[in-house]
$ cat structure19.pdb   # PDB, C-alpha atoms and all ligand atoms
ATOM      1  CA  MET A   1      22.247  23.662   6.544
ATOM      2  CA  LYS A   2      18.965  24.213   8.358
ATOM      3  CA  VAL A   3      18.754  23.845  12.140
ATOM      4  CA  GLN A   4      17.002  20.759  13.459
ATOM      5  CA  GLY A   5      13.960  20.813  15.699
ATOM      6  CA  GLN A   6      12.421  24.105  14.502
ATOM      7  CA  GLU A   7      10.242  22.803  11.684
ATOM      8  CA  LYS A   8       7.338  25.181  12.392
ATOM      9  CA  PRO A   9       9.170  28.548  12.409
ATOM     10  CA  LEU A  10      11.255  27.431   9.424
ATOM     11  CA  LYS A  11       8.094  26.587   7.463
ATOM     12  CA  PHE A  12       6.758  29.989   8.446
ATOM     13  CA  LEU A  13       9.875  31.720   7.103
ATOM     14  CA  GLU A  14       9.579  29.721   3.878
ATOM     15  CA  ARG A  15       6.001  30.882   3.430
ATOM     16  CA  ILE A  16       6.970  34.521   3.972
ATOM     17  CA  TYR A  17       9.761  34.123   1.423
ATOM     18  CA  GLU A  18       7.530  32.506  -1.152
ATOM     19  CA  SER A  19       4.832  35.148  -0.700
ATOM     20  CA  GLY A  20       7.336  37.678  -2.036
ATOM     21  CA  LYS A  21       6.262  40.114   0.689
ATOM     22  CA  ILE A  22       9.261  39.846   2.930
ATOM     23  CA  PRO A  23       9.157  42.336   5.814
ATOM     24  CA  ASN A  24      12.112  44.704   6.050
ATOM     25  CA  SER A  25      12.585  43.900   9.730
ATOM     26  CA  LEU A  26      12.285  40.447  11.259
ATOM     27  CA  LEU A  27      12.725  39.310  14.841
ATOM     28  CA  ILE A  28      13.692  35.711  15.487
ATOM     29  CA  HIS A  29      13.175  35.153  19.206
ATOM     30  CA  GLY A  30      13.439  32.251  21.625
ATOM     31  CA  VAL A  31      15.662  30.653  24.265
ATOM     32  CA  GLU A  32      19.417  30.763  23.861
ATOM     33  CA  GLY A  33      20.889  27.897  21.930
ATOM     34  CA  SER A  34      17.763  27.163  19.864
ATOM     35  CA  GLY A  35      19.388  27.948  16.520
ATOM     36  CA  LYS A  36      18.264  31.561  16.032
ATOM     37  CA  LEU A  37      21.533  32.979  14.720
ATOM     38  CA  GLU A  38      22.233  29.996  12.444
ATOM     39  CA  THR A  39      18.775  30.415  10.942
ATOM     40  CA  ALA A  40      19.169  34.175  10.567
ATOM     41  CA  VAL A  41      22.367  33.608   8.572
ATOM     42  CA  GLU A  42      20.716  30.943   6.394
ATOM     43  CA  PHE A  43      17.713  33.152   5.738
ATOM     44  CA  ALA A  44      20.009  36.068   4.890
ATOM     45  CA  LYS A  45      21.748  33.762   2.413
ATOM     46  CA  GLY A  46      18.379  33.030   0.812
ATOM     47  CA  LEU A  47      17.444  36.729   0.677
ATOM     48  CA  LEU A  48      20.688  37.455  -1.140
ATOM     49  CA  CYS A  49      20.723  34.335  -3.340
ATOM     50  CA  GLU A  50      20.904  35.151  -7.050
ATOM     51  CA  ASN A  51      18.685  32.178  -7.834
ATOM     52  CA  GLY A  52      15.977  33.176  -5.359
ATOM     53  CA  SER A  53      16.188  29.998  -3.289
ATOM     54  CA  VAL A  54      14.792  30.402   0.239
ATOM     55  CA  TRP A  55      17.777  28.876   2.083
ATOM     56  CA  GLY A  56      20.214  29.725  -0.713
ATOM     57  CA  CYS A  57      21.096  27.644  -3.772
ATOM     58  CA  GLY A  58      24.627  27.200  -2.448
ATOM     59  CA  THR A  59      26.236  27.662  -5.856
ATOM     60  CA  CYS A  60      25.736  31.294  -6.956
ATOM     61  CA  LYS A  61      28.412  33.873  -6.170
ATOM     62  CA  SER A  62      26.379  35.388  -3.321
ATOM     63  CA  CYS A  63      25.774  32.021  -1.635
ATOM     64  CA  ARG A  64      29.444  31.117  -1.917
ATOM     65  CA  LEU A  65      30.447  34.383  -0.292
ATOM     66  CA  ILE A  66      28.050  33.769   2.614
ATOM     67  CA  GLU A  67      29.428  30.243   3.000
ATOM     68  CA  GLY A  68      32.883  31.823   3.148
ATOM     69  CA  PHE A  69      31.654  34.170   5.867
ATOM     70  CA  LYS A  70      30.297  31.240   7.889
ATOM     71  CA  GLU A  71      33.620  29.387   7.650
ATOM     72  CA  GLU A  72      35.518  32.459   8.764
ATOM     73  CA  LEU A  73      33.084  33.076  11.611
ATOM     74  CA  LYS A  74      33.820  29.591  12.908
ATOM     75  CA  SER A  75      37.580  29.516  12.430
ATOM     76  CA  SER A  76      38.859  33.081  12.777
ATOM     77  CA  PRO A  77      36.127  35.658  13.501
ATOM     78  CA  ASP A  78      38.752  38.316  14.219
ATOM     79  CA  ASN A  79      39.423  38.548  10.466
ATOM     80  CA  LEU A  80      35.834  39.740   9.976
ATOM     81  CA  ARG A  81      35.973  42.608  12.438
ATOM     82  CA  VAL A  82      35.268  46.030  10.979
ATOM     83  CA  THR A  83      36.333  48.978  13.090
ATOM     84  CA  GLU A  84      35.731  52.669  12.762
ATOM     85  CA  ASP A  85      37.749  55.577  13.943
ATOM     86  CA  ILE A  86      35.636  57.513  16.427
ATOM     87  CA  GLY A  87      37.252  60.426  18.209
ATOM     88  CA  GLY A  88      40.728  59.057  17.551
ATOM     89  CA  LYS A  89      39.819  55.632  18.946
ATOM     90  CA  SER A  90      39.341  52.492  16.897
ATOM     91  CA  VAL A  91      35.977  50.964  17.877
ATOM     92  CA  PHE A  92      34.383  47.720  16.771
ATOM     93  CA  VAL A  93      31.206  48.092  14.676
ATOM     94  CA  TYR A  94      30.290  44.808  12.996
ATOM     95  CA  LEU A  95      31.528  41.666  11.286
ATOM     96  CA  LYS A  96      31.810  41.602   7.523
ATOM     97  CA  GLY A  97      33.345  39.141   5.081
ATOM     98  CA  SER A  98      33.795  39.414   1.321
ATOM     99  CA  HIS A  99      30.052  39.716   0.627
ATOM    100  CA  PRO A 100      29.510  43.426  -0.098
ATOM    101  CA  ASP A 101      25.826  43.388   0.920
ATOM    102  CA  PHE A 102      25.905  41.464   4.184
ATOM    103  CA  ALA A 103      26.997  42.272   7.742
ATOM    104  CA  LEU A 104      26.521  40.704  11.174
ATOM    105  CA  LEU A 105      26.373  42.921  14.214
ATOM    106  CA  PRO A 106      27.037  41.056  17.472
ATOM    107  CA  PRO A 107      27.187  42.736  20.881
ATOM    108  CA  ASP A 108      30.486  44.335  21.806
ATOM    109  CA  GLY A 109      31.044  42.683  25.155
ATOM    110  CA  THR A 110      27.823  42.944  27.110
ATOM    111  CA  GLN A 111      26.059  45.573  25.033
ATOM    112  CA  ILE A 112      25.314  46.925  21.590
ATOM    113  CA  ARG A 113      26.429  50.530  21.410
ATOM    114  CA  ILE A 114      25.060  53.458  19.454
ATOM    115  CA  ASP A 115      28.295  53.709  17.383
ATOM    116  CA  GLN A 116      27.623  50.205  16.152
ATOM    117  CA  ILE A 117      24.067  51.103  15.119
ATOM    118  CA  ARG A 118      25.361  54.226  13.408
ATOM    119  CA  GLY A 119      27.901  52.122  11.526
ATOM    120  CA  LEU A 120      25.146  49.757  10.488
ATOM    121  CA  LYS A 121      22.945  52.608   9.294
ATOM    122  CA  SER A 122      25.735  53.984   7.195
ATOM    123  CA  PHE A 123      26.294  50.470   5.748
ATOM    124  CA  LEU A 124      22.602  50.301   4.817
ATOM    125  CA  SER A 125      22.540  53.784   3.341
ATOM    126  CA  THR A 126      24.318  52.754   0.132
ATOM    127  CA  LYS A 127      22.687  50.598  -2.558
ATOM    128  CA  PRO A 128      23.475  46.882  -2.837
ATOM    129  CA  LEU A 129      26.442  46.009  -5.041
ATOM    130  CA  LEU A 130      25.904  42.356  -5.865
ATOM    131  CA  GLY A 131      22.149  41.839  -6.015
ATOM    132  CA  LYS A 132      18.922  43.614  -5.177
ATOM    133  CA  ARG A 133      19.115  43.427  -1.388
ATOM    134  CA  LYS A 134      21.269  44.262   1.575
ATOM    135  CA  VAL A 135      20.941  42.210   4.753
ATOM    136  CA  VAL A 136      22.115  42.936   8.268
ATOM    137  CA  ILE A 137      21.752  40.672  11.283
ATOM    138  CA  ILE A 138      21.701  42.134  14.780
ATOM    139  CA  GLU A 139      22.558  39.350  17.210
ATOM    140  CA  SER A 140      21.191  39.395  20.797
ATOM    141  CA  ALA A 141      19.342  42.634  20.107
ATOM    142  CA  GLN A 142      18.142  42.702  23.727
ATOM    143  CA  LEU A 143      21.610  43.997  24.533
ATOM    144  CA  MET A 144      21.059  47.270  22.673
ATOM    145  CA  ASN A 145      21.266  50.098  25.149
ATOM    146  CA  LEU A 146      18.705  52.898  25.158
ATOM    147  CA  GLN A 147      20.630  55.193  22.799
ATOM    148  CA  ALA A 148      21.313  52.349  20.391
ATOM    149  CA  SER A 149      17.609  51.384  20.361
ATOM    150  CA  ASN A 150      16.534  54.959  19.720
ATOM    151  CA  SER A 151      19.048  55.323  16.935
ATOM    152  CA  LEU A 152      17.838  52.114  15.287
ATOM    153  CA  LEU A 153      14.203  53.264  15.404
ATOM    154  CA  LYS A 154      14.678  55.695  12.536
ATOM    155  CA  VAL A 155      15.820  53.049  10.112
ATOM    156  CA  LEU A 156      13.046  50.686  11.262
ATOM    157  CA  GLU A 157      10.480  53.375  10.573
ATOM    158  CA  GLU A 158      11.770  54.236   7.128
ATOM    159  CA  PRO A 159      13.926  51.401   5.847
ATOM    160  CA  PRO A 160      15.512  51.697   2.396
ATOM    161  CA  VAL A 161      13.455  49.415   0.086
ATOM    162  CA  TYR A 162      16.398  47.075  -0.547
ATOM    163  CA  SER A 163      17.327  46.676   3.127
ATOM    164  CA  HIS A 164      16.507  43.795   5.460
ATOM    165  CA  ILE A 165      17.300  43.728   9.143
ATOM    166  CA  ILE A 166      17.048  40.383  10.916
ATOM    167  CA  MET A 167      17.301  40.586  14.672
ATOM    168  CA  THR A 168      17.671  37.786  17.190
ATOM    169  CA  ALA A 169      16.598  38.171  20.822
ATOM    170  CA  THR A 170      15.391  36.082  23.728
ATOM    171  CA  SER A 171      11.880  37.587  23.549
ATOM    172  CA  PRO A 172      10.047  40.585  22.044
ATOM    173  CA  GLU A 173       9.601  41.887  25.595
ATOM    174  CA  SER A 174      13.347  42.094  26.015
ATOM    175  CA  LEU A 175      13.394  44.935  23.468
ATOM    176  CA  MET A 176      12.013  48.456  23.751
ATOM    177  CA  PRO A 177       8.297  48.334  22.823
ATOM    178  CA  THR A 178       8.841  51.016  20.175
ATOM    179  CA  VAL A 179      11.417  48.734  18.553
ATOM    180  CA  SER A 180       9.655  45.377  18.913
ATOM    181  CA  SER A 181       6.361  46.747  17.564
ATOM    182  CA  ARG A 182       8.115  47.423  14.262
ATOM    183  CA  LEU A 183       9.480  43.919  13.868
ATOM    184  CA  PHE A 184       7.829  40.917  12.294
ATOM    185  CA  PRO A 185       8.148  38.198  14.961
ATOM    186  CA  VAL A 186       9.144  34.581  14.348
ATOM    187  CA  ARG A 187       9.168  32.464  17.496
ATOM    188  CA  PHE A 188      11.634  29.643  18.095
ATOM    189  CA  THR A 189      10.622  27.032  20.626
ATOM    190  CA  PRO A 190      12.986  25.320  23.053
ATOM    191  CA  LEU A 191      14.487  22.261  21.344
ATOM    192  CA  ARG A 192      12.980  18.880  22.126
ATOM    193  CA  LYS A 193      15.104  16.537  24.213
ATOM    194  CA  GLU A 194      15.272  14.002  21.387
ATOM    195  CA  VAL A 195      16.712  16.640  19.036
ATOM    196  CA  ILE A 196      19.401  17.662  21.514
ATOM    197  CA  GLY A 197      20.131  14.051  22.410
ATOM    198  CA  LYS A 198      20.605  13.132  18.768
ATOM    199  CA  GLU A 199      22.682  16.195  17.963
ATOM    200  CA  LEU A 200      25.135  15.631  20.824
ATOM    201  CA  SER A 201      24.791  11.834  21.140
ATOM    202  CA  LEU A 202      23.585  12.399  24.658
ATOM    203  CA  LYS A 203      21.499   9.831  26.521
ATOM    204  CA  ASP A 204      21.669  10.994  30.130
ATOM    205  CA  GLY A 205      18.125  12.079  31.028
ATOM    206  CA  PHE A 206      19.294  14.396  33.795
ATOM    207  CA  LEU A 207      21.660  16.246  31.437
ATOM    208  CA  LEU A 208      18.890  16.572  28.867
ATOM    209  CA  GLU A 209      16.564  18.066  31.491
ATOM    210  CA  LEU A 210      19.296  20.493  32.528
ATOM    211  CA  SER A 211      19.684  21.754  28.972
ATOM    212  CA  LYS A 212      16.131  23.221  29.074
ATOM    213  CA  GLY A 213      15.753  23.071  25.306
ATOM    214  CA  SER A 214      19.015  24.837  24.572
ATOM    215  CA  LEU A 215      21.795  23.205  22.605
ATOM    216  CA  LYS A 216      24.220  25.693  24.091
ATOM    217  CA  ARG A 217      23.352  24.678  27.648
ATOM    218  CA  ALA A 218      23.449  21.014  26.717
ATOM    219  CA  LYS A 219      26.993  21.403  25.372
ATOM    220  CA  LEU A 220      28.052  23.326  28.441
ATOM    221  CA  PHE A 221      26.763  20.731  30.909
ATOM    222  CA  LYS A 222      28.124  17.902  28.793
ATOM    223  CA  GLU A 223      31.558  19.458  29.232
ATOM    224  CA  LYS A 224      30.948  19.679  32.973
ATOM    225  CA  GLU A 225      29.684  16.103  33.240
ATOM    226  CA  LEU A 226      31.959  15.292  36.152
ATOM    227  CA  LEU A 227      30.618  18.238  38.113
ATOM    228  CA  VAL A 228      27.051  17.198  37.333
ATOM    229  CA  LYS A 229      27.733  13.666  38.585
ATOM    230  CA  LYS A 230      29.299  14.918  41.801
ATOM    231  CA  PHE A 231      26.414  17.202  42.720
ATOM    232  CA  LYS A 232      23.240  15.738  41.296
ATOM    233  CA  GLY A 233      22.836  13.434  44.293
ATOM    234  CA  PHE A 234      23.261  16.314  46.768
ATOM    235  CA  PRO A 235      23.271  16.143  49.779
ATOM    236  CA  PRO A 236      25.702  13.252  50.362
ATOM    237  CA  LYS A 237      24.829  10.721  53.048
ATOM    238  CA  SER A 238      27.664  11.179  55.534
ATOM    239  CA  ALA A 239      28.974  14.323  57.215
ATOM    240  CA  GLU A 240      32.448  13.421  56.052
ATOM    241  CA  GLU A 241      31.379  13.315  52.409
ATOM    242  CA  LEU A 242      29.559  16.591  52.813
ATOM    243  CA  PHE A 243      32.699  18.175  54.195
ATOM    244  CA  LYS A 244      34.744  16.870  51.265
ATOM    245  CA  LEU A 245      32.222  18.045  48.721
ATOM    246  CA  SER A 246      31.904  21.536  50.174
ATOM    247  CA  SER A 247      35.667  22.051  50.266
ATOM    248  CA  TYR A 248      35.764  20.859  46.672
ATOM    249  CA  PHE A 249      33.070  23.458  45.890
ATOM    250  CA  ASP A 250      35.160  26.234  47.441
ATOM    251  CA  LYS A 251      37.955  25.629  44.954
ATOM    252  CA  LEU A 252      35.750  25.816  41.849
ATOM    253  CA  SER A 253      35.643  28.776  39.491
ATOM    254  CA  ILE A 254      32.617  31.040  39.756
ATOM    255  CA  ASP A 255      31.198  29.654  36.488
ATOM    256  CA  ASP A 256      31.465  26.121  37.785
ATOM    257  CA  LYS A 257      29.859  27.133  41.067
ATOM    258  CA  VAL A 258      26.907  28.635  39.227
ATOM    259  CA  ALA A 259      26.641  25.460  37.156
ATOM    260  CA  VAL A 260      26.572  23.415  40.381
ATOM    261  CA  LEU A 261      23.697  25.534  41.697
ATOM    262  CA  GLU A 262      21.772  24.820  38.506
ATOM    263  CA  VAL A 263      22.414  21.115  38.927
ATOM    264  CA  MET A 264      21.092  21.308  42.489
ATOM    265  CA  GLU A 265      18.065  23.259  41.326
ATOM    266  CA  GLU A 266      17.268  20.572  38.779
ATOM    267  CA  SER A 267      17.616  17.855  41.440
ATOM    268  CA  VAL A 268      15.118  19.714  43.615
ATOM    269  CA  TYR A 269      12.615  19.718  40.760
ATOM    270  CA  ASN A 270      13.209  16.020  40.205
ATOM    271  CA  LEU A 271      12.723  15.176  43.875
ATOM    272  CA  MET A 272       9.528  17.209  43.902
ATOM    273  CA  LYS A 273       8.220  15.310  40.872
ATOM    274  CA  VAL A 274       8.587  11.976  42.640
ATOM    275  CA  ASN A 275       7.242  13.400  45.919
ATOM    276  CA  ARG A 276      10.498  12.952  47.780
ATOM    277  CA  ILE A 277      10.237  16.531  49.058
ATOM    278  CA  ASN A 278       7.173  18.684  49.388
ATOM    279  CA  LYS A 279       6.515  21.961  47.594
ATOM    280  CA  ASP A 280       7.164  24.231  50.584
ATOM    281  CA  LYS A 281      10.524  22.708  51.283
ATOM    282  CA  ALA A 282      11.423  22.778  47.600
ATOM    283  CA  SER A 283      10.606  26.450  47.251
ATOM    284  CA  GLU A 284      12.630  27.222  50.365
ATOM    285  CA  ILE A 285      15.660  25.414  48.941
ATOM    286  CA  LEU A 286      15.234  27.099  45.567
ATOM    287  CA  GLU A 287      15.118  30.483  47.272
ATOM    288  CA  ARG A 288      18.323  29.697  49.185
ATOM    289  CA  LEU A 289      19.994  28.619  45.952
ATOM    290  CA  ARG A 290      19.047  31.927  44.348
ATOM    291  CA  GLU A 291      20.433  33.849  47.322
ATOM    292  CA  LEU A 292      23.619  31.830  47.188
ATOM    293  CA  ARG A 293      24.037  32.644  43.499
ATOM    294  CA  VAL A 294      23.948  36.362  44.285
ATOM    295  CA  ALA A 295      26.300  35.902  47.240
ATOM    296  CA  LEU A 296      28.812  34.042  45.044
ATOM    297  CA  GLN A 297      28.954  36.995  42.676
ATOM    298  CA  GLN A 298      29.805  39.134  45.685
ATOM    299  CA  GLY A 299      32.749  36.930  46.570
ATOM    300  CA  VAL A 300      31.259  34.517  49.117
ATOM    301  CA  LYS A 301      32.984  31.120  48.925
ATOM    302  CA  GLY A 302      29.838  29.106  49.492
ATOM    303  CA  SER A 303      30.911  26.017  51.427
ATOM    304  CA  LEU A 304      29.120  27.082  54.616
ATOM    305  CA  ALA A 305      25.940  27.759  52.694
ATOM    306  CA  LEU A 306      26.224  24.298  51.176
ATOM    307  CA  VAL A 307      26.414  22.714  54.619
ATOM    308  CA  SER A 308      23.334  24.541  55.867
ATOM    309  CA  LEU A 309      21.513  23.670  52.626
ATOM    310  CA  ALA A 310      22.243  20.013  53.242
ATOM    311  CA  LYS A 311      20.510  20.244  56.630
ATOM    312  CA  LEU A 312      17.474  21.881  55.080
ATOM    313  CA  TRP A 313      17.326  19.234  52.358
ATOM    314  CA  ARG A 314      17.002  16.253  54.699
TER     315      ARG A 314
HETATM  316 ZN    ZN B 401      22.409  31.213  -4.340
END

$ encode --input "structure19.pdb" --output "structure tokens"
Amino acid sequence: MKVQGQEKPLKFLERIYESGKIPNSLLIHGVEGSGKLETAVEFAKGLLCENGSVWGCGTCKSCRLIEGFKEELKSSPDNLRVTEDIGGKSVFVYLKGSHPDFALLPPDGTQIRIDQIRGLKSFLSTKPLLGKRKVVIIESAQLMNLQASNSLLKVLEEPPVYSHIIMTATSPESLMPTVSSRLFPVRFTPLRKEVIGKELSLKDGFLLELSKGSLKRAKLFKEKELLVKKFKGFPPKSAEELFKLSSYFDKLSIDDKVAVLEVMEESVYNLMKVNRINKDKASEILERLRELRVALQQGVKGSLALVSLAKLWR
């Protein structure tokens, strides 16, 4: 299934495929939650398809194995984990299902390590077993650390003819220039509000604004709808309500607190649009919100800051 709302980059990928000159290394970049990984997997399916169909025919052995991988990735990704013994320790390298010529390398926690890249290089060093190609996806490639990036460079410079590396990242600039200059870029745009609205049956305009073109964000804020409702009208009218709201804020998890700050940020933009607050005031509030976000990470509870923000807002 192709992702919705990215007609242009998908057309572009189709043209590359049909030209027969498919680059060995592709970079699909754009905001989080715009369908980059889903597309990378679909394109990999097409590259491996025995019937040479750009998004996969869906019926050949290769396509069925990739479909199996997708199912497993959704239901029990742990079954796909491949580990290697490095210095007596079992470390995670990549995800692999029953398809012998396909692997997906996601970050391990908050980074992609050199061991993972080494594992991937060794995977690519042997010839394909099922068809004519081998495909590897590196997810969130901006999380490669320096050593990992340097290690990957060699295979980008001299890739085996049968190998294809598809990387996803937020932007080309988020990668080392030596790496990004060797990748063929395909840009994904933020999703249109109508696409997100349709996908999640979401009508609330404020929630759609908050999602900033990302399906992932839209889902997240949809789950936190109650929180959004409570804080989008900040600051409350009476001192009593403000007191209640700020003690409520104190009890939230850090993730929820950060979400609240984003809701408040969006309200500031909205108020500025309708000239309810001027630019100077808005930028002052936005600055305070940014400071508060940092302070929260350092363990500040935040209710006092909320009270002083309310004063500034009026
Ligand atoms: Zn097929």

$ closest_residue --input "structure19.pdb" --among "A:Lys281, A:His99, A:His29, A:Lys21" --to "Pro172 of chain A" --atoms "all atoms listed in the file"
A:His29

$ resolve_selection --input "structure19.pdb" --expression "the PyMOL selection byres (((not hetatm)) within 8 of (chain B and resi 401))" --output "number ranges by chain"
A: 45-46, 48-53, 56-64

$ resolve_selection --input "structure19.pdb" --expression "the PyMOL selection byres (((chain A and resi 292) around 10) and not hetatm)" --output "list in words"
Lys257, Val258, Leu261, Leu286, Glu287, Arg288, Leu289, Arg290, Glu291, Arg293, Val294, Ala295, Leu296, Gln297, Gln298, Val300, Lys301, Gly302, Ala305 and Leu306 of chain A

$ closest_residue --input "structure19.pdb" --among "A:Tyr248, A:Lys273, A:Asn79, A:Leu242" --to "Leu309 of chain A" --atoms "all atoms listed in the file"
A:Leu242

$ resolve_selection --input "structure19.pdb" --expression "the PyMOL selection byres (((chain A and resi 112-120) around 6) and not hetatm)" --output "VMD selection string"
chain A and resid 93 107 to 108 111 121 to 123 143 to 144 147 to 148

$ axis_aligned_box --input "structure19.pdb" --around "segment 107-110 of chain A" --padding-each-side "8 Å" --output "AutoDock Vina command-line options"
--center_x 29.1 --center_y 43.5 --center_z 24.0 --size_x 19.9 --size_y 17.7 --size_z 22.2

$ closest_residue --input "structure19.pdb" --among "A:Ala103, A:Val41, A:Ile86, A:Val186" --to "Lys11 of chain A" --atoms "all atoms listed in the file"
A:Val186

$ atom_distance --input "structure19.pdb" --atom1 "atom CA of Gly30 of chain A" --atom2 "atom CA of Ser181 of chain A"
16.6 Å

$ decode --input "structure19.pdb" --residues "segment 292-306 of chain A" --atoms "N, CA and C atoms" --output "tab-separated table (two decimals), in the first residue's frame"
chain	number	residue	atom	x	y	z
A	292	LEU	N	11.18	27.12	29.47
A	292	LEU	CA	10.47	26.23	30.38
A	292	LEU	C	10.68	24.77	29.97
A	293	ARG	N	10.71	24.54	28.67
A	293	ARG	CA	10.92	23.17	28.17
A	293	ARG	C	12.28	22.62	28.65
A	294	VAL	N	13.29	23.46	28.57
A	294	VAL	CA	14.62	23.05	29.04
A	294	VAL	C	14.58	22.81	30.55
A	295	ALA	N	13.94	23.75	31.26
A	295	ALA	CA	13.88	23.64	32.73
A	295	ALA	C	13.17	22.35	33.15
A	296	LEU	N	12.12	21.98	32.42
A	296	LEU	CA	11.38	20.75	32.76
A	296	LEU	C	12.28	19.53	32.69
A	297	GLN	N	13.13	19.51	31.66
A	297	GLN	CA	14.06	18.39	31.50
A	297	GLN	C	15.03	18.34	32.68
A	298	GLN	N	15.25	19.50	33.31
A	298	GLN	CA	16.17	19.52	34.43
A	298	GLN	C	15.46	19.31	35.76
A	299	GLY	N	14.18	18.97	35.69
A	299	GLY	CA	13.46	18.59	36.90
A	299	GLY	C	12.58	19.67	37.52
A	300	VAL	N	12.49	20.84	36.88
A	300	VAL	CA	11.60	21.88	37.39
A	300	VAL	C	10.15	21.43	37.21
A	301	LYS	N	9.30	21.71	38.20
A	301	LYS	CA	7.91	21.25	38.12
A	301	LYS	C	7.08	22.06	37.12
A	302	GLY	N	7.27	23.37	37.14
A	302	GLY	CA	6.66	24.18	36.09
A	302	GLY	C	5.45	25.01	36.46
A	303	SER	N	4.80	24.71	37.60
A	303	SER	CA	3.55	25.44	37.89
A	303	SER	C	3.79	26.94	38.09
A	304	LEU	N	4.90	27.27	38.75
A	304	LEU	CA	5.19	28.70	38.98
A	304	LEU	C	5.41	29.43	37.67
A	305	ALA	N	6.14	28.76	36.77
A	305	ALA	CA	6.39	29.36	35.46
A	305	ALA	C	5.08	29.59	34.72
A	306	LEU	N	4.15	28.66	34.90
A	306	LEU	CA	2.86	28.78	34.24
A	306	LEU	C	2.10	30.01	34.73
